[in-house]
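**Student:** The structure follows.
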Amino acid sequence: MPALASKVSRRLLAGGLALTATYPFATAPARAEEPPLITTDDRQDSFYCQERRLGYWFYCARPKPLERDNAQTAPATSATSQLDAVTAELRELKAKAILEPTPANVTAYIRFQREQLDRASLFSDVWQRAIWQDPDLDYTLQRPVSTLGKRQWQDARGAERNAVMAHLSERYGLFYFFAQSCGACEVMSPIVQSVATTWHITVRAISTDGGPSRHFPAYTVETNQRSRMGLEPKITPAVVLWDAAKGQAIPIGYGVMSADELQDRIYLLTSKEAGRDY
């Protein structure tokens, strides 16, 4: 019998070892680490949230809604509106300083005005720097303002004008309307004669009142020529350029002009398109 009991004990021990090897987790603690308890300020189910501790799988607290910025973004103020506001503020401070000239009001106006003067000076300075650095913006390259640059431009312009005037008589002639009773015509007649002689331009002098001219003895009396040309019929003296190639009258000007001005007008009207010389 003792031998049988020893044999049975050995079998039970072997079976226990086999179970242990097959199920290693049987010796582990009965419960893993418990999830932390989620607490809330609101009422909650004490059975699920405290006793069962299901905070990982159930909302024991009502989730807080995501905060949203309900404030609508104000539209950006335009630069024009800002400038209008500055102008309005300046006018208001000035009016207040005039109507209530207290030291505080006058000082406030002077300070604000000085701020705007500084801003205008900064704008002017940046403007000038931008022009210096970008030749496309520098108008003085077309019309210099410095003494040296202006002299060089005038010399080049004069040479170009003279070249045009030298060939003007090949295509153009002049109509000169005068009157014996016109005092301005006595001043203008020798100027027209001088320019015509210099550039060998044919001049047809027309007396609007039938009277003679000592500078243009070979004059003719007007017979409605200005009206047919579409010119102002009552003003003298009047200088008109005639384009023989097109059969077209080109008014040069009315009244007294200097010789340089008369030549400049002829040069521009015959060789420069409008908008090309400004």
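Residues are referred to by chain and number: the chain letter is A, B, ... according to the order shown in the structure tokens, the number counts from 1 in that chain, and ligands are numbered separately from 1 in the order shown.
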Using DSSP on the backbone coordinates, identify all residues within range 172-228 of chain A classified as strand (DSSP E); present the result as a list in words.
**Tutor:**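 Restricting range 172-228 of chain A to strand (DSSP E) produces Tyr172, Gly173, Leu174, Phe175, Tyr176, Phe177, Phe178, Val203, Arg204, Ala205, Ile206, Ser207, Thr220 and Val221 of chain A.
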**Student:** Apply DSSP to the structure's backbone, then extract all residues of range 28-274 of chain A labelled alpha helix (DSSP H) and return them as number ranges by chain.
**Tutor:** A: 46, 79-99, 103-133, 147-166, 183-199, 225-229, 259-271
**Student:** Between A:Ala166, A:Ala238, A:Thr223, A:Trp199, which is the closest to Ala184 in chain A once you count only C-alpha atoms?
**Tutor:** A:Ala238
**Student:** Give the answer as one residue: which of A:Asp136, A:Glu89, A:Glu100, A:His215 has the shortest atom-to-atom distance to Gln113 in chain A, using only C-alpha atoms?
**Tutor:**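 Closest candidate: A:Glu89.
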**Student:** Between A:Asp118, A:Glu261, A:Asp243, A:Glu186, which is the closest to Phe216 in chain A once you count only C-alpha atoms?
**Tutor:**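 For Phe216 in chain A, the nearest of the candidates is A:Glu186.
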**Student:** Could you check the closest approach to Val256 in chain A for each of A:Thr236, A:Ile110, A:Thr140, A:Asp277 and tell me which residue wins, using only C-alpha atoms?
**Tutor:**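 Nearest candidate to Val256 in chain A out of A:Thr236, A:Ile110, A:Thr140, A:Asp277: A:Thr236.
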**Student:** Rounded to one decimal place, report the CA of Pro237 in chain A-CA of Ser189 in chain A distance in Å.
**Tutor:**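 CA of Ser189 in chain A lies 8.3 Å from CA of Pro237 in chain A.
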**Student:** How far is it from CA of Gly253 in chain A to CA of Asn162 in chain A, in Å with one decimal?
**Tutor:** 19.7 Å
**Student:** Using only C-alpha atoms, which residue out of A:Leu269, A:Cys182, A:Ala159, A:Thr147 lies closest to Ser213 in chain A?
**Tutor:** A:Cys182
**Student:** Rounded to one decimal place, report the CA of Gln180 in chain A-CA of Ile206 in chain A distance in Å.
**Tutor:**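 Between CA of Gln180 in chain A and CA of Ile206 in chain A the gap works out to 10.6 Å.
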**Student:** For Arg111 in chain A, list every protein, DNA or RNA residue within 12 Å, evaluated using only C-alpha atoms, and leave out those in the same chain fewer than 6 positions away; present the list as a ChimeraX atom specification.
**Tutor:** /A:90,93-94,97,103-105,117-118
**Student:** Of the candidates A:Ala76, A:Leu262, A:Ile235, A:Leu137, which shows the shortest atom-to-atom distance to Leu174 in chain A, using only C-alpha atoms?
**Tutor:**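 Checking each of A:Ala76, A:Leu262, A:Ile235, A:Leu137 against Leu174 in chain A, counting only C-alpha atoms, the winner is A:Leu262.
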